[in-house]
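Peer 1: Provided below: protein-v2.txt, containing compact mmCIF, C-alpha atoms.
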```txt
# COMPACT_ATOMS: atom_id res chain seq x y z
CA MET A 1 45.56 88.33 68.94
CA ASN A 2 47.66 85.32 69.97
CA CYS A 3 51.27 85.54 68.82
CA ILE A 4 54.40 83.42 68.92
CA ILE A 5 58.00 84.51 68.41
CA ILE A 6 60.66 82.47 66.56
CA ASP A 7 64.25 83.68 66.83
CA ASP A 8 67.46 81.89 67.77
CA ASP A 9 68.57 85.05 69.63
CA ALA A 10 67.14 85.06 73.19
CA THR A 11 67.60 88.82 73.55
CA ALA A 12 65.72 89.49 70.32
CA ARG A 13 62.84 87.27 71.51
CA LEU A 14 62.65 89.21 74.79
CA ILE A 15 62.54 92.58 73.02
CA VAL A 16 59.75 91.52 70.67
CA ARG A 17 57.83 89.97 73.57
CA GLN A 18 57.93 93.26 75.47
CA PHE A 19 56.67 95.19 72.43
CA VAL A 20 53.81 92.73 71.88
CA GLU A 21 52.72 92.54 75.50
CA ASN A 22 52.64 96.34 75.73
CA THR A 23 50.04 96.36 72.94
CA ASP A 24 46.33 96.12 73.79
CA GLY A 25 44.65 93.04 72.37
CA PHE A 26 47.92 91.21 71.69
CA SER A 27 49.62 88.50 73.72
CA VAL A 28 52.60 86.17 73.34
CA THR A 29 51.54 82.58 73.97
CA ASN A 30 55.00 81.08 73.38
CA ASP A 31 58.43 81.71 71.90
CA PHE A 32 60.88 79.37 70.21
CA SER A 33 64.58 79.33 69.39
CA ASN A 34 64.05 77.14 66.30
CA ALA A 35 61.43 76.71 63.59
CA ILE A 36 60.87 72.95 64.01
CA ASP A 37 59.52 73.30 67.56
CA ALA A 38 57.30 76.15 66.37
CA ILE A 39 55.83 74.00 63.58
CA LYS A 40 54.93 71.30 66.12
CA HIS A 41 53.25 73.97 68.27
CA LEU A 42 51.22 75.29 65.31
CA ASN A 43 49.93 71.80 64.53
CA SER A 44 48.03 71.68 67.82
CA ASN A 45 47.54 75.32 68.88
CA SER A 46 45.66 78.31 67.53
CA VAL A 47 47.99 81.18 66.59
CA ASP A 48 47.09 84.41 64.79
CA CYS A 49 50.52 85.88 64.18
CA VAL A 50 54.17 84.80 64.07
CA PHE A 51 57.09 87.17 64.61
CA LEU A 52 59.76 85.33 62.66
CA ASP A 53 63.51 85.76 62.27
CA ILE A 54 64.73 85.02 58.73
CA HIS A 55 68.25 83.84 59.53
CA MET A 56 68.23 80.71 61.68
CA PRO A 57 70.44 77.60 61.53
CA ASP A 58 69.19 74.54 59.60
CA PHE A 59 65.69 75.89 58.88
CA SER A 60 65.34 79.50 57.70
CA GLY A 61 62.35 81.80 58.10
CA PHE A 62 61.46 81.32 54.43
CA ASP A 63 61.60 77.53 54.89
CA PHE A 64 59.16 77.95 57.77
CA ILE A 65 56.72 80.04 55.70
CA LYS A 66 56.68 77.38 52.96
CA THR A 67 55.93 74.71 55.57
CA ILE A 68 53.02 76.17 57.54
CA ARG A 69 49.58 75.15 56.37
CA ASN A 70 47.26 77.29 58.49
CA SER A 71 46.28 80.95 58.01
CA VAL A 72 48.73 82.50 60.45
CA LYS A 73 50.04 85.98 59.59
CA VAL A 74 53.81 86.49 59.57
CA VAL A 75 55.93 89.47 60.54
CA LEU A 76 59.51 88.91 59.43
CA ILE A 77 62.28 90.27 61.63
CA THR A 78 65.87 90.51 60.46
CA SER A 79 69.00 92.63 60.51
CA ASP A 80 69.28 92.20 56.73
CA LYS A 81 67.38 94.59 54.44
CA ASN A 82 68.15 92.61 51.30
CA PHE A 83 65.26 90.12 51.51
CA ALA A 84 62.36 92.59 51.66
CA LEU A 85 61.30 92.04 48.04
CA ASP A 86 61.45 88.27 48.42
CA ALA A 87 59.46 88.43 51.65
CA PHE A 88 56.37 89.99 50.12
CA GLU A 89 56.11 87.25 47.52
CA TYR A 90 54.40 85.27 50.30
CA ASP A 91 50.73 86.05 50.97
CA SER A 92 51.10 85.38 54.68
CA VAL A 93 53.76 88.09 55.21
CA VAL A 94 52.25 91.26 56.67
CA ASP A 95 55.38 93.27 57.42
CA TYR A 96 59.19 93.26 57.35
CA LEU A 97 60.96 94.65 60.42
CA VAL A 98 64.65 95.46 60.39
CA LYS A 99 66.60 95.20 63.63
CA PRO A 100 67.01 97.16 65.84
CA ILE A 101 63.24 97.64 66.11
CA THR A 102 61.92 100.98 67.36
CA GLU A 103 58.64 101.44 69.18
CA GLU A 104 57.36 103.77 66.46
CA ARG A 105 58.07 101.25 63.71
CA PHE A 106 56.52 98.42 65.72
CA GLU A 107 53.29 100.41 66.09
CA LYS A 108 53.03 100.54 62.28
CA THR A 109 53.31 96.75 62.21
CA ILE A 110 50.52 96.42 64.75
CA HIS A 111 48.35 98.73 62.64
CA LYS A 112 48.92 96.49 59.59
CA LEU A 113 48.05 93.36 61.57
CA LYS A 114 44.82 94.92 62.83
CA ASN A 115 43.86 95.86 59.28
CA PHE A 116 44.27 92.26 58.17
CA VAL A 117 41.98 91.11 60.98
CA LEU A 118 39.35 93.73 60.17
CA LYS A 119 39.31 92.62 56.54
CA GLY A 120 38.22 89.19 57.77
CA GLU A 121 40.37 87.37 55.27
CA GLU A 122 39.60 83.66 55.14
CA PRO A 123 42.12 81.24 53.69
CA VAL A 124 41.07 78.90 50.91
CA LYS A 125 40.62 75.48 52.46
CA LYS A 126 42.00 72.59 50.52
CA THR A 127 40.34 69.21 50.69
CA PRO A 128 42.95 66.72 51.89
CA LYS A 129 43.69 63.84 49.57
CA THR A 130 42.78 60.34 50.63
CA LYS A 131 45.72 57.99 50.69
CA ASN A 132 45.25 55.04 48.40
CA ASN A 133 47.68 52.56 49.93
CA ASP A 134 45.90 49.66 48.21
CA GLY A 135 46.85 50.81 44.70
CA GLU A 136 49.26 48.90 42.51
CA LEU A 137 51.82 49.35 39.77
CA TYR A 138 53.00 46.93 37.06
CA VAL A 139 56.69 47.08 36.15
CA ASN A 140 58.55 45.37 33.32
CA VAL A 141 61.25 43.16 34.82
CA GLU A 142 63.14 40.86 32.45
CA LYS A 143 60.23 40.70 29.98
CA ARG A 144 57.75 39.95 32.76
CA LEU A 145 55.13 42.31 34.18
CA VAL A 146 55.49 42.27 37.94
CA LYS A 147 52.71 43.71 40.12
CA LEU A 148 53.85 45.86 43.05
CA ARG A 149 51.45 47.20 45.62
CA TYR A 150 52.06 50.79 46.71
CA SER A 151 52.03 49.67 50.32
CA ASP A 152 54.92 47.25 49.64
CA ILE A 153 57.24 49.77 48.00
CA LEU A 154 59.80 51.25 50.39
CA LEU A 155 61.70 53.52 48.03
CA ILE A 156 62.88 53.98 44.46
CA GLU A 157 66.49 54.79 43.64
CA ALA A 158 67.84 56.15 40.35
CA LYS A 159 70.68 54.13 38.83
CA GLY A 160 71.74 55.71 35.54
CA ASP A 161 69.28 54.54 32.85
CA TYR A 162 67.58 52.27 35.38
CA ILE A 163 65.69 52.56 38.63
CA LYS A 164 65.77 50.20 41.59
CA ILE A 165 62.37 49.68 43.24
CA LYS A 166 62.90 48.29 46.72
CA THR A 167 60.43 46.33 48.82
CA ALA A 168 61.09 44.60 52.13
CA GLU A 169 61.70 41.31 50.30
CA LYS A 170 63.32 42.26 47.03
CA ALA A 171 64.79 44.97 44.79
CA HIS A 172 63.49 45.17 41.20
CA ILE A 173 65.71 46.70 38.49
CA VAL A 174 63.60 48.47 35.86
CA HIS A 175 64.68 50.28 32.69
CA SER A 176 63.08 53.65 33.38
CA THR A 177 63.75 57.07 34.90
CA LEU A 178 62.89 58.51 38.29
CA LYS A 179 60.87 61.25 36.60
CA LYS A 180 58.74 58.74 34.69
CA ILE A 181 57.85 56.63 37.72
CA GLU A 182 57.23 59.74 39.81
CA GLU A 183 54.47 60.68 37.36
CA LYS A 184 52.86 57.25 37.84
CA LEU A 185 52.95 57.17 41.64
CA PRO A 186 50.33 58.88 43.86
CA SER A 187 51.88 62.06 45.29
CA GLU A 188 49.97 61.68 48.56
CA ILE A 189 51.95 58.51 49.34
CA PHE A 190 55.30 59.04 47.64
CA LEU A 191 57.70 61.99 47.71
CA LYS A 192 60.92 62.76 45.86
CA ILE A 193 63.36 63.83 48.59
CA HIS A 194 66.56 63.81 46.52
CA ARG A 195 67.46 63.83 42.83
CA SER A 196 68.16 60.09 43.15
CA TYR A 197 65.41 58.96 45.56
CA ILE A 198 61.65 58.72 45.91
CA ILE A 199 60.34 57.34 49.20
CA ASN A 200 57.11 55.96 50.58
CA LEU A 201 56.33 58.44 53.37
CA SER A 202 54.62 55.82 55.50
CA LYS A 203 57.83 53.74 55.62
CA ILE A 204 59.96 56.38 57.36
CA ILE A 205 61.34 55.07 60.65
CA ASP A 206 63.47 58.01 61.72
CA ILE A 207 64.63 61.44 60.52
CA GLU A 208 67.91 63.02 61.53
CA ASP A 209 69.44 66.17 60.07
CA ASN A 210 69.34 65.73 56.27
CA SER A 211 68.52 62.03 56.05
CA VAL A 212 65.69 59.57 56.66
CA LEU A 213 65.86 55.96 57.78
CA ILE A 214 63.80 53.38 55.86
CA ASN A 215 64.22 49.67 56.57
CA GLN A 216 67.78 50.12 57.94
CA GLU A 217 68.80 52.21 54.91
CA VAL A 218 69.79 55.86 55.33
CA ILE A 219 68.45 58.04 52.49
CA PRO A 220 69.73 61.60 51.92
CA VAL A 221 67.31 64.53 51.83
CA SER A 222 68.29 67.48 49.65
CA ARG A 223 67.84 70.98 51.05
CA SER A 224 65.42 71.89 48.25
CA ASN A 225 63.14 68.95 49.16
CA LYS A 226 63.38 69.16 52.96
CA THR A 227 60.69 71.83 53.26
CA GLU A 228 58.12 69.72 51.45
CA LEU A 229 59.06 66.67 53.51
CA MET A 230 58.51 68.55 56.78
CA LYS A 231 55.18 69.84 55.49
CA ARG A 232 53.99 66.31 54.75
CA LEU A 233 54.85 64.88 58.17
CA ASN A 234 52.28 64.55 60.91
CA LEU A 235 54.36 66.27 63.58
CA LEU A 236 53.41 66.05 67.27
```
Please, can you express the file's structure as structure tokens?
Peer 2:
Amino acid sequence: MNCIIIDDDATARLIVRQFVENTDGFSVTNDFSNAIDAIKHLNSNSVDCVFLDIHMPDFSGFDFIKTIRNSVKVVLITSDKNFALDAFEYDSVVDYLVKPITEERFEKTIHKLKNFVLKGEEPVKKTPKTKNNDGELYVNVEKRLVKLRYSDILLIEAKGDYIKIKTAEKAHIVHSTLKKIEEKLPSEIFLKIHRSYIINLSKIIDIEDNSVLINQEVIPVSRSNKTELMKRLNLL
């Protein structure tokens, strides 16, 4: 079983690596000090199990679980006992290890992982949506119906009782709410990343910390929406 380890503590990664590599049929293919690098690795490599620390800066273990799309099994590792009930709300979580880890307790984890493999559980495969960038939307601007192509829309910003729909050439002020236009837009193209912003994912130029750059404009990303944004990106 191919495993990776994600923990910002180098000593903790070394200890888990030693436990795994002393177990027949298990090997550590890589380890990471942060979740973002691990997500990139998962996008192009086959992994059966992740040993995952819950408490990490910027991107927690639970954020990571919400982001991964493949059928990898997760063993959570933490020094905090308080998240055990929350952990098992996720189907991918096999076990919850509390630091310091003993050899006897680790063997129980291995037994659980083997049982999951023997059950031959197959994840439900979802058919990816096809992006319809050629679609269009009509908006009421000063008593005129203006046609906007999805591919031309950069972002939509909430402005009180109005919204501002921005394209590369112009900004249209429309009497509407962000919630109402979100229901009209195709979710495979557009994403709400903040209570005041919806963006066209294909228009992102750069991402840094909790913001994205679109057409020289920096847009904030709320913590609650960051997980979904990372999930939707085609990371290398």
Peer 1: Quick one: distance from CA of Val98 in chain A to CA of Arg13 in chain A in Å, one decimal?
Peer 2: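 Distance between the two atoms: 13.9 Å.
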Peer 1: Between CA of Ser187 in chain A and CA of Ala171 in chain A, what is the spacing in Å?
Peer 2: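 Atom-to-atom, CA of Ala171 in chain A to CA of Ser187 in chain A, that is 21.4 Å.
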Peer 1: Rounded to one decimal, what separation in Å do you get between CA of Val75 in chain A and CA of Val221 in chain A?
Peer 2: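 For CA of Val75 in chain A relative to CA of Val221 in chain A, the distance reads 28.8 Å.
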Peer 1: Would you please work out which residue, of A:Asn215, A:Asn210, A:Asn225, A:Asn22, is nearest to Phe106 in chain A when using all atoms listed in the file?
Peer 2: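 Of all the options, A:Asn22 lies closest to Phe106 in chain A.
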Peer 1: For Lys99 in chain A, work out the shell of residues within 7 Å, counting all atoms listed in the file and skipping chain neighbours fewer than 5 positions away, then give it as a PyMOL selection string.
Peer 2: chain A and resi 77-79
Peer 1: Nearest to Asp63 in chain A: which of A:Cys49, A:Gly25, A:Leu235, A:Arg223 is it, counting only C-alpha atoms?
Peer 2: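 Going through A:Cys49, A:Gly25, A:Leu235, A:Arg223 one by one, the smallest distance to Asp63 in chain A is for A:Arg223.
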Peer 1: I'd like the neighbourhood of range 37-46 of chain A as a ChimeraX atom specification, where a residue qualifies if any of its atoms comes within 10 Å (using all atoms listed in the file), though same-chain residues fewer than 2 positions away should be ignored.
Peer 2: /A:2-6,29-35,48-50,64-65,67-72,230-231,234-236
Peer 1: Nearest to Glu21 in chain A among A:Phe88, A:Lys81, A:Ile110, A:Lys184, with distances taken over all atoms listed in the file: which residue is it?
Peer 2: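 With all atoms listed in the file as the atom set, the closest residue is A:Ile110.
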Peer 1: Report as a list in words all protein, DNA and RNA residues lying within 12 Å of Val212 in chain A, evaluated on only C-alpha atoms, omitting residues in the same chain fewer than 3 positions from it.
Peer 2: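 Neighbouring residues, sequence-local ones excluded: Leu154, Leu155, Ile193, His194, Tyr197, Ile198, Ile199, Asn200, Leu201, Ser202, Lys203, Ile204, Ile205, Asp206, Ile207, Glu208, Asp209, Asn215, Gln216, Glu217, Val218, Ile219, Pro220, Val221, Ser222, Lys226, Leu229 and Met230 of chain A.
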Peer 1: Based on the selection just made, write C-alpha atoms of those residues as a tab-separated table (two decimals), keeping the file's coordinate frame.
Peer 2:
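The resulting result.tsv:
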```tsv
chain	number	residue	atom	x	y	z
A	154	LEU	CA	59.80	51.25	50.39
A	155	LEU	CA	61.70	53.52	48.03
A	193	ILE	CA	63.36	63.83	48.59
A	194	HIS	CA	66.56	63.81	46.52
A	197	TYR	CA	65.41	58.96	45.56
A	198	ILE	CA	61.65	58.72	45.91
A	199	ILE	CA	60.34	57.34	49.20
A	200	ASN	CA	57.11	55.96	50.58
A	201	LEU	CA	56.33	58.44	53.37
A	202	SER	CA	54.62	55.82	55.50
A	203	LYS	CA	57.83	53.74	55.62
A	204	ILE	CA	59.96	56.38	57.36
A	205	ILE	CA	61.34	55.07	60.65
A	206	ASP	CA	63.47	58.01	61.72
A	207	ILE	CA	64.63	61.44	60.52
A	208	GLU	CA	67.91	63.02	61.53
A	209	ASP	CA	69.44	66.17	60.07
A	215	ASN	CA	64.22	49.67	56.57
A	216	GLN	CA	67.78	50.12	57.94
A	217	GLU	CA	68.80	52.21	54.91
A	218	VAL	CA	69.79	55.86	55.33
A	219	ILE	CA	68.45	58.04	52.49
A	220	PRO	CA	69.73	61.60	51.92
A	221	VAL	CA	67.31	64.53	51.83
A	222	SER	CA	68.29	67.48	49.65
A	226	LYS	CA	63.38	69.16	52.96
A	229	LEU	CA	59.06	66.67	53.51
A	230	MET	CA	58.51	68.55	56.78
```
Peer 1: Given the choices A:Arg149, A:Lys66, A:Lys143, A:Lys179, which gets closest to Thr167 in chain A if the distance is worked out from only C-alpha atoms?
Peer 2: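 Closest candidate: A:Arg149.
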Peer 1: Using only C-alpha atoms, which residue out of A:Leu76, A:Ile214, A:Val94, A:Leu185 lies closest to Glu136 in chain A?
Peer 2: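 That would be A:Leu185, the residue with the smallest distance to Glu136 in chain A.
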Peer 1: If I wrap all listed atoms of range 38-52 of chain A in a box with edges along x, y and z and add 6 Å on each side, what are its centre and edge lengths in Å to one decimal, as lines of an AutoDock Vina configuration file?
Peer 2:
```
center_x = 52.7
center_y = 79.2
center_z = 65.8
size_x = 26.1
size_y = 27.9
size_z = 18.2
```
Peer 1: Hey, which of A:Arg17, A:His55, A:Arg144, A:Arg195 ends up closest to Ile173 in chain A? Count all atoms listed in the file.
Peer 2: A:Arg144
Peer 1: Around (57.3, 55.0, 35.6) in the file's own coordinates, what residues are found within 12 Å if you use all atoms listed in the file, given back as a list in words?
Peer 2: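 I get Leu137, Tyr138, Val139, Asn140, Ile156, Ala158, Tyr162, Ile163, Lys164, Ile165, Val174, His175, Ser176, Thr177, Leu178, Lys179, Lys180, Ile181, Glu182, Glu183, Lys184, Leu185, Pro186 and Ile198 of chain A for the residues within 12 Å of that point.
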